[in-house]
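The next block holds one structure in the form of structure tokens; read it before the comments.
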Amino acid sequence: MADGEPDYSALPLTERWAHKAWKVRKGAYEEAAKQFEVTPDEYDPAFRPFNQDPSLWKGAVADSNVAAQSDGIAAFCAFLKFGGKENCIRSRGQVVTPIVEKGLVSTRPGTKASSIEAILLLIELDIAGPVIEDILPAISAKQPKVIAAALAALTTIFHNYGCKVADPKPVLKILPKAFGHADKNVRAEATNLAVEFYRWLRDAMKPMFWGDLKPTQQTDLEAQFEKIKAEPPPKQERLLRTQQAAMARAPPPGAEEEEIDEDGGDEPAEMDAFDLAEPQDVLSKVPANFHDNLASSKWKDRKEAVEALHAVLNVPRIKDGDFGEINRGLAKCMKDANVAVVTQAAQCIEVLAKGLRKSYGKYRSVVMAPIMERLKEKKQSVSDALGAALDQVFLATNLTECMEDILSFLVHKNPQVKEGTMKFLIRCLRTTRDPPSKSEVATIVEAAKKLLAESSEGLRSGGAEVLGTIMKIIGERAMNPHLEGLDDIRKNKIKEYFDKAEVKAKDKPKPAPAPAARGPPGGPKKIVGGAKKAPGTARKAAPPAAAPPPVSEPPPPAPQPASRVAPGSKLGMPKPSGLSGLKAPQRRIGPPGVASPRRAPAAAAPPPPPIEDEEPPAPSPPPKPRIGLGRGGLAARSLAKPAAATAAPSAPSPPPSSGLAAMERAELEELRAANERLIKQVDEMKHERSKFMSEVQELKNQNAGLIEDHTRDVLSIKAKETQLVRARSDAEAAEQTNERLRRELERLKRALSRAEGLAVSGGLGSPGVTSPTPDDVGIYRDGANYSSTRPSRMSFNSTLSEEKENGDVPHNYPRSKLSPELRYGSGSSGRGSPARGFRSAPIDEGAGHNTGSGASSTTGGPGANGVESWKRAAEVTSQLKARIEQMKAKQGFNRP
């Protein structure tokens, strides 16, 4: 220290940590960093004061002196680096906010770098969530430089740890706010963060915030995205401590690389809009009248219902609930006669399955069969919508669940349905991640072979593509047995599709069968290990190999040492292990020694279990020789080693063990055979079940079709009844109108008759003659007969008047064609005809002569009077016609 300055080194570290002199604080920070670096572990006493009072770090990282602050943040980095997870968790809540507000905005590059390193260490030691939560409030700070620094820190976090370690959802929600900031630096950092998100998430991030951006910002971002589209998928650059520990315990590099590659292959599929979005409750938003409108007889109402439902369901993620009724209604829409309703309903199923994912699997049986039945639609837009709905339903389930419906519709009578189902099967095989089982492969192959014999080129090519895709999944070697019997042309076609196919599922050989092959030798191990005198047997096994006479009995123990030596030298005795090592090859290779001719039949003896089971009673006498122990050349050796003599009786005991092993092997074979039979039975039952299920589905479809036909018939009957009721009411109304008009017409006729009668009576005098009068042909008519003919004349004249009124009779109607009664009758006929004057002349003349010779001379005067009467009658008639037309116009009656 300089002269005149007090020495503060004697003060405790915690007091110097909070001293008012910045140099004292700076020295304390430096000293603490050195202490942390030399600590042996995270439980060193040097960490204790900071664990007891984590708030000490709050003042250090936000020190008012920039030089001291730099050392304080560096000391905190050393504390995290050597202190471990517990120290990180205790101090995390005290330091993140001060580092963001004071450290990241520092003008010193070292301070800024230390601040970033401290944030990354906090994530590395634990998790990223709490750190990001403490950084996000800085996005709402008043100073733009704090917001920009916080966004830059978030970009660094996601660049180093990726979106699997650090959850991007909270940051994506506040990103539109940063894009709307007035400061250009803030917007630039927001752009950098969005580009970093695009590296990891691609287009899956857009639904979260894209709609809140301005069009110009969207254009700029698209230009930035184009630059990184060609880049390979990013990888995590910095590992967590837990990941580092897992890598330290990882298997050999080759296996580890395989696992990493497999995980890496799955990683891009895991990040999508579904994982980033929050579940939304859409059931409460479904219109209350949805089901009523869906059942309406008007197609516009049904279309509006499914359109409103689509607007509600079109969200990235849907909260699970009871969508059974909605799915049943949408499935019924698949039979709608209007293709617009069918298309919109298929889109509703697509977004619902996409929003529910695996939760939608329980509704598969409700919607899949109706959708596939509707594949008969030839309109491309409808078939595309149906195919997209089927794809989303499949992603919510798996190939095994969809197999029954697919196979049943592959043999559909409609070629359009068959082709659409075949294309759906190909898409399923391409997208599934679980390879189909052997039975499923066999079933699919058989169905595809049938397609190869179809008359349509599209179906034949589709069958070859199905087989090629299956071959890509299971491999050429496994597929060759299924292709037997096909000609070379079809095989070449299948090979072409095999080369072009891209699948996500690969059928890999499983290592499980290898341990199963070692299982039978394991049985004898346990049996030999279970016998307490097994070591003695191992020792006694060596002498019989040198002596030919007693070799006939010892061969059964020979297999035991071989099986005993295989696991590893657990006996610990060199001689027995060496001899047993010589005998083990004898069992595998064959008869190499002198005693091999006799061991060959002995080795052949164990396979039949009954002989092995009957032999143990025979060796029971050998315990007697234990006392004498005189067995040829073996007596001297037994006296030299008593332990071997005690082990001699154990020699006959092993045969039962080898016999039991053989029995177990026989039982194992029987169990395997029984297992195969059961597997065959299960496969047959599955096949029968699939057949029954297909029949049940067909019956369900038929029942649904009958119900639909019945409903349609009932509706048509009701419509016909309604039409009949309306027709009856219209007929009654028409009858009433006709009756009213008939009465009015009769009234007008009567009025016309009265008017004509008045006109005639005004123009002609009363006949006043009742004596018979001659007609043109000299026939005399009396008054009674003459008057009796008036009704007929009235009827004829009224008919003439109607014909004249309708314009049917011309004005120059020839009078010579009228009957004599009309020409010479007396009285009024109800018509103002000129003949009326001519008919009255003979009546007047009849009063003055008896011979009728002067008829022609007296016709001049009455003729003139008749002309005047005709004129007056015509005037009256025209007036009456005008009145009739006025009355008709008032009553709204128009003659057709």
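A note on labels: chains of the structure tokens are A, B, ... as shown, every chain counts residues from 1, and ligands are counted from 1 in their shown order.
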If we count only C-alpha atoms, what is near segment 366-369 of chain A at a cut-off of 6 Å, once residues fewer than 3 positions away on the same chain are taken out, given as a PyMOL selection string?
chain A and resi 331+363+372
What parts of segment 67-138 of chain A does DSSP call alpha helix (DSSP H)? I'd like the answer as a PyMOL selection string.
chain A and resi 67-98+109-125+129-135
Would you please work out which residue, of A:Asp63, A:Glu373, A:Glu721, A:Glu278, is nearest to Ser106 of chain A when using only C-alpha atoms?
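Checking each candidate against Ser106 of chain A, we get A:Asp63 as the closest.
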With a distance cut-off of 12 Å and only C-alpha atoms, select the neighbouring residues of segment 474-490 of chain A, excluding the residue or stretch itself and same-chain residues fewer than 6 positions from it, and output the selection as a PyMOL selection string.
chain A and resi 429+434-438+440-453+460-465+467-468+496-499+503-509
Taking 6 positions as the minimum chain separation for residues in the same chain, which residues sit within 9 Å of Leu375 of chain A when counting only C-alpha atoms? Answer as number ranges by chain.
A: 382-383, 386-387, 416-421
Please identify all polymer residues within 8 Å of Val146 of chain A, counting only C-alpha atoms, omitting same-chain residues fewer than 4 positions from it, and present them as a list in words.
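Once the nearby chain positions are removed, what remains is Val100, Glu101, Leu104, Val105, Ala138, Ile139, Ala141, Lys142 and Ala150 of chain A.
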Could you name the residues that touch segment 218-226 of chain A at 10 Å or less, counting only C-alpha atoms, but leaving out those on the same chain fewer than 6 positions away, as a list of chain:residue names?
A:Thr191, A:Asn192, A:Ala194, A:Val195, A:Glu196, A:Tyr198, A:Arg199, A:Arg202, A:Asp203, A:Trp210, A:Gly211, A:Asp212
Residue neighbourhood segment 67-72 of chain A, 12 Å, only C-alpha atoms, exclusion window fewer than 3 positions, as a PyMOL selection string:
chain A and resi 17-34+56-64+75-79+95+98-99+102-104+106-115+118
Tell me, in Å to one decimal, how far atom CA of Phe323 of chain A is from atom CA of Thr431 of chain A.
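Separating atom CA of Phe323 of chain A from atom CA of Thr431 of chain A is a distance of 25.9 Å.
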Would you mind reading off the distance between atom CA of Ala178 of chain A and atom CA of Ile132 of chain A, one decimal, in Å?
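Going from atom CA of Ala178 of chain A over to atom CA of Ile132 of chain A covers 15.7 Å.
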